[in-house]
Structure formats: structure tokens, C-alpha cells
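Working notes, structure below.
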Amino acid sequence: MEKIVCFGAGPVFKGGLANYNTSLAKALDKRGDVEVHIVSWTQQYPSIIPRDFIDRKSKADLLEGTSIKVHYVTNYNNPLSWRKTVGLIRQLNPSKVIFQWSIAIQGLPLGRIARMLKNYSETELVFDLHFVIQKENSKTDRLFTKYALSAADSFIVHSLKTGQELESLFPEKKFFYTDNYSKTDFKDKAQIVKLYHPVYNMFRPDPDFDVEANKREMGIRKYGFLFFGFIRKYKGLHYAIEAFARLAARRDDVTLLVVGESFWQTLDNRKLSTRVKQFVFGIAKSVMVKKEDDEKNYKPLELIDKLGIRDKVFLMNDFVPNEDVHKYFQVSDAIVLFYSYATPSGVESVACNFSLPILATRVGHFPETVKDGYNGYLAEPNDIESMADAMEKIITNPVKREHVAEASREMSWDNYAAAILGKK
């Protein structure tokens, strides 16, 4: 039986990457012809980062009924654990390690781990790329990214844009694209398996959920627009609120649902340890992050009162346990993704499993996945009026929910796992 290691955040962590890595492992395990191990971080980032990354609310065991084994071993801040990780993977002796790549700062440990594995084993190293070029695109980001990705044997991308970024990062390298992995001995070319972000099936509609009763209880009017997930500047909540305010000035049958945790506000600011972390992290950011990209003063929720729309906004500014995700999607009529830049979105994937129409900006991969007028509408980036118009179109010229389902029908985890194994 083939053995595969999925390296990335395990199910105890918050967020899309943990959900993604867990879902990938489950899809591979479901096949019955693969032994799957998750090798996970214990700490994913430098300890100075002032944020709690652990999911302390979800109660369901996401791995119940599987044969997946989870190993929490890799500490970003402890290089000795990197060597321990290599020892564990060598002992497991998998045919592939699939590394989840999502942020340049992890390039140092992942690059070192990958290089040690290449020296001591014949395991194939596959990097599953959620991005290549970060928005900040600093010299440090590029250095860490090149250090890690240059150790890969093959790559998986979820959009053509990500593949093109990879090619631009390594102009001296030759690549070839496929939609079905193949074991290749070509030494002068690297394989890019061009796939997609699979549709999450860990979140699905509850057939017993009373939509209308819950809309009344939550104070949601006839049409609900959902912003869901971590509140980060690049996700454009400020755009969504301003665009919604213009829509709400035109009609009174709409509600904006803002559901998610403020990314940098998860620790108790009264604690000395939090204040020390914030101070040290602030110094590091001043060196590595452009001023316009610093999220320290990003407070989009203040716009709700400033624009006078408090009575038309449902706000749940907290992390949502996995068990409760479905209800916010089931009471909504569209998902709002007015990002300033984008790589394939986990929130978009969740929306597809609820056949929820997509409102997105014309950035990143969205023009690949959102067919304007078919499964959603596209708005121009940085254009509030265009975004407000897209929101109104969902009401005046609604897209059929079956079109959303149809557009994502082939984007299943089963198909994704088969393509990674070369068994599509």
C-alpha cells in the first residue's frame, strides 16, 4: 500500500490551511489504497507573533472514522524539532510528502526539512502551493520562498496565475503542466499539476435547519450578503461594508452578515506577554512590511456605525466552531469576496458546497472560477460602486443556485486526490 505524508497544520489549528490539510488527508484515506499520515506543526510561526492559532471551540473529531495518524512534531522556533521531523518521515518512508505552502515566513524550516529529506531518502517532495508571490513581495519573502520551493520535485497549483508566478520566480527552470500527476524522471523539467481548490465537504447544509426561523431570530432581512472568515485587510471587508451601505441606501430589504474573527485580536491585551509580543512583532513588521500593508490600525468594523448601517448588519466578530459554519451560509443569499488580491479561496470553496452565488472582485484567480452572470458576479477592484452594483444584480438578476453547483461539480476532493496520485 502506498504511504503518503500530508505535512501542514493538523486539525487542532484554526483556519483554512488546517481544514485543507485535513480534508486532503481524508480524501486520500477514503480511497482505501493509501496509508496516510499528517505530520503537523506544534507552532507554525515565530513565537513573537501575537495571535492564538489553536481552535479551542470546535468539538467534532474531524478524523473520526478514518485510519489517519497525526503526528504533532514540528516547532517553527526549535530547529531540533526540524531534524526530529525528518527522522519521523524517514521512519515512515512514504512515497510522497505533500507540503502545504501558504506563507513565505515558513520557508526557513520547510526548506531545511525538505533539503534534509532529499539528502537521506528517495521520497518525492511535492509542494501544494496556495500562493507563490505574496502581496508584500519583499526581498525577504522572495528569499524564503525560493529557498523552500527550490527543494521541491513537483508542484500542485490551484490556478493558472499561481503557476505563472512560480515560473517567474524561477526563470531559469523549465516546467511542464499536467492535470494528472505522473512519476517522471525528467531532470531538466519540474512538474506542475494544475488543479483547483476542491469544494469543502466538511461543511454542508443541514437538511433539518429552519432557514426562515433562523433568519427571523438573527434579524436578517429578505436578502443576506455574507462576509465570512478571518478579518484581514486583503479580504476587503472595508470594501464590502462601503458597497453594502450604498446598496442599503437604495433598498431596505438587505442585511450584511459579517461573521469571523479579527485576525490580530485573539489575545488578552491586559497580559504582559501579549504586550511584549506586540511590541517585538511591531519592530519586526516595521522592517519587513510596507506601511500600507501593516494591519495594526485596520479596523473596518468601525465603518458600520460611521456609515449608519448598524441596524442592517448582523455581526458575529468571533471564531466560528466547525459545527456552526453551516447556519451562516444557509441563511445567506450570496458570499462577498471583494478581495484586493487573491489566491484560491477556502471561503469560496465552502460557498460552492452550499450552492451560494459568489460576488468577487476581478483579481487573482476569481475570473477563472466566477463566470460573470452564471455562478455569480464580478466587480472591478477598488471600485465601490461596481461592488454595490454586483450586490444589486444578485437581487434584480439572480443567478441560479444549480449553476453554482454545476460550475464546481468536478472540483471534488475525490477527484483531487486521484489526480495527485496519477489515477484520475
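Within each chain, counting starts at residue 1; across the C-alpha cells, chains are named A, B, ... in the order shown, with ligands numbered 1 upward in that order.
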Next on the checklist: Using only C-alpha atoms, which protein or nucleic acid residues come within 9 Å of range 250-259 of chain A? Drop anything in the same chain fewer than 2 positions from it, and give the result as a VMD selection string.
Outcome noted: chain A and resid 219 to 231 237 240 to 241 244 to 248 261 301 311 to 320 328 332
Store the residues picked out above, limited to C-alpha atoms, as an mmCIF file, in the first residue's frame.
```
data_model
loop_
_atom_site.group_PDB
_atom_site.id
_atom_site.type_symbol
_atom_site.label_atom_id
_atom_site.label_comp_id
_atom_site.auth_asym_id
_atom_site.auth_seq_id
_atom_site.Cartn_x
_atom_site.Cartn_y
_atom_site.Cartn_z
ATOM 1 C CA GLY A 219 -32.746 39.797 12.279
ATOM 2 C CA ILE A 220 -31.803 39.098 8.662
ATOM 3 C CA ARG A 221 -33.960 40.764 6.038
ATOM 4 C CA LYS A 222 -35.050 39.240 2.739
ATOM 5 C CA TYR A 223 -31.582 39.251 1.135
ATOM 6 C CA GLY A 224 -28.467 38.373 3.111
ATOM 7 C CA PHE A 225 -24.893 39.051 1.954
ATOM 8 C CA LEU A 226 -22.203 37.105 3.819
ATOM 9 C CA PHE A 227 -18.634 38.067 4.606
ATOM 10 C CA PHE A 228 -17.127 35.026 6.332
ATOM 11 C CA GLY A 229 -13.746 34.146 7.820
ATOM 12 C CA PHE A 230 -10.713 35.831 9.322
ATOM 13 C CA ILE A 231 -10.846 39.599 9.005
ATOM 14 C CA LEU A 237 -14.227 43.858 4.395
ATOM 15 C CA ALA A 240 -17.874 45.133 1.400
ATOM 16 C CA ILE A 241 -19.204 47.429 4.140
ATOM 17 C CA PHE A 244 -23.322 47.441 1.163
ATOM 18 C CA ALA A 245 -24.008 50.904 2.611
ATOM 19 C CA ARG A 246 -24.673 52.174 -0.915
ATOM 20 C CA LEU A 247 -26.963 49.229 -1.600
ATOM 21 C CA ALA A 248 -28.779 49.744 1.714
ATOM 22 C CA GLU A 261 -12.572 36.681 13.933
ATOM 23 C CA LEU A 301 -15.920 47.317 11.730
ATOM 24 C CA ASP A 311 -29.472 48.117 12.060
ATOM 25 C CA LYS A 312 -28.786 46.386 8.731
ATOM 26 C CA VAL A 313 -25.702 44.437 9.792
ATOM 27 C CA PHE A 314 -25.537 41.110 11.598
ATOM 28 C CA LEU A 315 -22.148 40.962 13.333
ATOM 29 C CA MET A 316 -20.529 37.892 14.882
ATOM 30 C CA ASN A 317 -16.934 39.013 15.464
ATOM 31 C CA ASP A 318 -15.547 35.734 16.749
ATOM 32 C CA PHE A 319 -14.138 32.417 15.582
ATOM 33 C CA VAL A 320 -16.911 30.092 14.395
ATOM 34 C CA TYR A 328 -24.420 31.388 8.293
ATOM 35 C CA SER A 332 -27.374 33.946 3.172
#
```
Checklist entry - Using only C-alpha atoms, which residues sit within 10 Å of Thr343 in chain A once same-chain residues fewer than 6 positions away are excluded, as a PyMOL selection string? => result chain A and resi 102+129-134+157-159+161-162+197+363-366
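The nearest approach to Gly87 in chain A among the residues A:His37, A:Leu169, A:Tyr120, A:Thr361, with only C-alpha atoms taken into account, belongs to A:Tyr120.
Between CA of Ser138 in chain A and CA of Gln106 in chain A the separation is 14.4 Å.
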Checklist entry - Taking the backbone alone, and naming residues the way the document does, which bits of range 275-419 of chain A are helix (DSSP H, G or I) by DSSP, as a PyMOL selection string? => result chain A and resi 275-288+291-293+302-306+310-312+322-330+346-353+366-369+384-396+401-407+413-419
Next on the checklist: Run DSSP on the backbone and tell me which residues of range 20-246 of chain A come out as strand (DSSP E); list them as number ranges by chain.
Outcome noted: A: 34-43, 69-75, 96-101, 124-129, 154-157, 175-178, 190-194, 223-228
Next on the checklist: For range 191-194 of chain A, find every residue with an atom within 6 Å (counting only C-alpha atoms), except residues of its own chain fewer than 4 positions away, and show them as a list in words.
Outcome noted: Ser154, Phe155, Ile156, Val157, Phe175, Phe176, Tyr177, Thr178 and Asp179 of chain A
Checklist entry - Do you know which residues are at most 12 Å from Phe338 in chain A counting only C-alpha atoms, after dropping those on the same chain fewer than 3 positions away, and could you put them as a ChimeraX atom specification? => result /A:225-228,232-244,335,341-342,345,348,358-364,366,377-384,386-388,390-391
Dump N, CA and C atoms for the selected residues as a short mmCIF file (atom, residue, chain, number, x, y, z; two decimals), in the first residue's frame?
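Saved result, result.cif, follows:
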```cif
data_model
loop_
_atom_site.label_atom_id
_atom_site.label_comp_id
_atom_site.auth_asym_id
_atom_site.auth_seq_id
_atom_site.Cartn_x
_atom_site.Cartn_y
_atom_site.Cartn_z
N PHE A 225 -26.21 39.09 2.60
CA PHE A 225 -24.89 39.05 1.95
C PHE A 225 -23.86 38.71 3.02
N LEU A 226 -23.09 37.65 2.78
CA LEU A 226 -22.20 37.10 3.82
C LEU A 226 -20.73 37.39 3.56
N PHE A 227 -20.10 38.04 4.53
CA PHE A 227 -18.63 38.07 4.61
C PHE A 227 -18.26 37.09 5.71
N PHE A 228 -17.41 36.10 5.38
CA PHE A 228 -17.13 35.03 6.33
C PHE A 228 -15.62 34.79 6.42
N ARG A 232 -9.04 40.12 7.50
CA ARG A 232 -7.73 40.59 7.07
C ARG A 232 -7.93 41.70 6.05
N LYS A 233 -6.98 42.61 5.97
CA LYS A 233 -7.13 43.77 5.09
C LYS A 233 -7.31 43.36 3.63
N TYR A 234 -6.54 42.36 3.17
CA TYR A 234 -6.60 41.98 1.76
C TYR A 234 -7.95 41.37 1.37
N LYS A 235 -8.72 40.93 2.38
CA LYS A 235 -10.02 40.34 2.08
C LYS A 235 -11.11 41.38 1.85
N GLY A 236 -10.76 42.65 2.08
CA GLY A 236 -11.63 43.73 1.63
C GLY A 236 -12.94 43.91 2.36
N LEU A 237 -12.98 43.62 3.66
CA LEU A 237 -14.23 43.86 4.40
C LEU A 237 -14.62 45.33 4.33
N HIS A 238 -13.63 46.22 4.34
CA HIS A 238 -13.95 47.66 4.24
C HIS A 238 -14.68 47.96 2.93
N TYR A 239 -14.28 47.30 1.85
CA TYR A 239 -14.99 47.47 0.58
C TYR A 239 -16.42 46.94 0.70
N ALA A 240 -16.55 45.76 1.30
CA ALA A 240 -17.87 45.13 1.40
C ALA A 240 -18.83 46.01 2.20
N ILE A 241 -18.34 46.59 3.31
CA ILE A 241 -19.20 47.43 4.14
C ILE A 241 -19.61 48.70 3.39
N GLU A 242 -18.65 49.33 2.71
CA GLU A 242 -18.97 50.56 1.99
C GLU A 242 -19.92 50.29 0.81
N ALA A 243 -19.67 49.19 0.10
CA ALA A 243 -20.56 48.85 -1.02
C ALA A 243 -21.95 48.52 -0.52
N PHE A 244 -22.01 47.78 0.60
CA PHE A 244 -23.32 47.44 1.16
C PHE A 244 -24.06 48.70 1.61
N ILE A 335 -22.18 35.05 -1.18
CA ILE A 335 -20.93 35.24 -0.45
C ILE A 335 -20.20 36.43 -1.07
N TYR A 341 -6.43 41.34 -3.46
CA TYR A 341 -5.69 40.36 -4.25
C TYR A 341 -6.11 38.99 -3.75
N ALA A 342 -5.91 37.97 -4.57
CA ALA A 342 -6.48 36.68 -4.19
C ALA A 342 -5.71 35.52 -4.77
N SER A 345 -9.60 30.58 -2.84
CA SER A 345 -10.15 30.89 -1.53
C SER A 345 -10.91 29.72 -0.93
N GLU A 348 -14.60 30.63 -0.65
CA GLU A 348 -15.28 30.40 -1.93
C GLU A 348 -15.64 28.93 -2.08
N ILE A 358 -21.56 33.72 -5.88
CA ILE A 358 -20.30 34.34 -5.49
C ILE A 358 -20.20 35.76 -6.05
N LEU A 359 -19.92 36.71 -5.17
CA LEU A 359 -19.63 38.08 -5.58
C LEU A 359 -18.15 38.32 -5.29
N ALA A 360 -17.37 38.59 -6.33
CA ALA A 360 -15.93 38.72 -6.16
C ALA A 360 -15.38 39.85 -7.01
N THR A 361 -14.21 40.28 -6.66
CA THR A 361 -13.52 41.27 -7.47
C THR A 361 -12.75 40.58 -8.59
N ARG A 362 -12.49 41.31 -9.62
CA ARG A 362 -11.79 40.77 -10.78
C ARG A 362 -10.28 40.78 -10.53
N VAL A 363 -9.85 39.99 -9.54
CA VAL A 363 -8.44 39.88 -9.19
C VAL A 363 -8.07 38.41 -9.02
N GLY A 364 -6.76 38.14 -9.11
CA GLY A 364 -6.28 36.79 -8.86
C GLY A 364 -6.94 35.75 -9.72
N PHE A 366 -10.11 34.72 -9.41
CA PHE A 366 -11.58 34.80 -9.48
C PHE A 366 -12.12 34.81 -10.91
N TYR A 377 -21.22 37.21 -9.75
CA TYR A 377 -20.90 38.43 -10.48
C TYR A 377 -19.52 38.93 -10.06
N LEU A 378 -18.82 39.52 -11.02
CA LEU A 378 -17.51 40.09 -10.77
C LEU A 378 -17.62 41.61 -10.71
N ALA A 379 -16.89 42.20 -9.77
CA ALA A 379 -16.82 43.66 -9.65
C ALA A 379 -15.39 44.10 -9.91
N GLU A 380 -15.23 45.35 -10.27
CA GLU A 380 -13.89 45.89 -10.50
C GLU A 380 -13.21 46.15 -9.16
N PRO A 381 -11.93 45.84 -9.04
CA PRO A 381 -11.22 46.09 -7.78
C PRO A 381 -11.16 47.58 -7.46
N ASN A 382 -11.22 47.89 -6.17
CA ASN A 382 -11.11 49.28 -5.68
C ASN A 382 -12.22 50.19 -6.19
N ASP A 383 -13.32 49.59 -6.64
CA ASP A 383 -14.43 50.38 -7.20
C ASP A 383 -15.70 50.07 -6.40
N ILE A 384 -16.01 50.92 -5.41
CA ILE A 384 -17.13 50.67 -4.51
C ILE A 384 -18.45 50.59 -5.26
N SER A 386 -19.01 49.70 -8.36
CA SER A 386 -19.06 48.44 -9.10
C SER A 386 -19.43 47.29 -8.17
N MET A 387 -18.92 47.32 -6.95
CA MET A 387 -19.23 46.28 -5.97
C MET A 387 -20.69 46.37 -5.54
N ALA A 388 -21.17 47.59 -5.31
CA ALA A 388 -22.58 47.76 -4.94
C ALA A 388 -23.49 47.29 -6.07
N ALA A 390 -22.79 44.94 -8.25
CA ALA A 390 -22.75 43.47 -8.27
C ALA A 390 -23.69 42.91 -7.21
N MET A 391 -23.73 43.53 -6.04
CA MET A 391 -24.63 43.07 -4.98
C MET A 391 -26.09 43.23 -5.41
#
```
Checklist outcome for this item: If you count only C-alpha atoms, the residue of A:Asp29, A:Asp55, A:Asp153, A:Glu385 closest to Lys69 in chain A turns out to be A:Asp29
Please list as an mmCIF file with N, CA and C atoms, in the first residue's frame every residue within 6 Å of Ala18 in chain A, counting only C-alpha atoms and excluding residues in the same chain fewer than 6 positions away.
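around_8.cif, written as the output of this step:
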```cif
data_model
loop_
_atom_site.group_PDB
_atom_site.id
_atom_site.type_symbol
_atom_site.label_atom_id
_atom_site.label_comp_id
_atom_site.auth_asym_id
_atom_site.auth_seq_id
_atom_site.Cartn_x
_atom_site.Cartn_y
_atom_site.Cartn_z
ATOM 1 N N ALA A 9 -0.631 22.100 8.876
ATOM 2 C CA ALA A 9 -1.362 22.250 10.131
ATOM 3 C C ALA A 9 -2.347 21.108 10.330
ATOM 4 N N GLY A 10 -2.311 20.518 11.522
ATOM 5 C CA GLY A 10 -3.244 19.449 11.860
ATOM 6 C C GLY A 10 -4.583 20.007 12.304
ATOM 7 N N PRO A 11 -5.544 19.134 12.591
ATOM 8 C CA PRO A 11 -6.909 19.580 12.856
ATOM 9 C C PRO A 11 -7.104 20.354 14.148
#
```
Next on the checklist: Rounded to one decimal, what separation in Å do you get between CA of Thr74 in chain A and CA of Tyr147 in chain A?
Outcome noted: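 Interatomic distance here is 18.3 Å.
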Next on the checklist: What's the separation between CA of Val126 in chain A and CA of Phe170 in chain A, in Å to one decimal place?
Outcome noted: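 Going from CA of Val126 in chain A over to CA of Phe170 in chain A, I get 16.4 Å.
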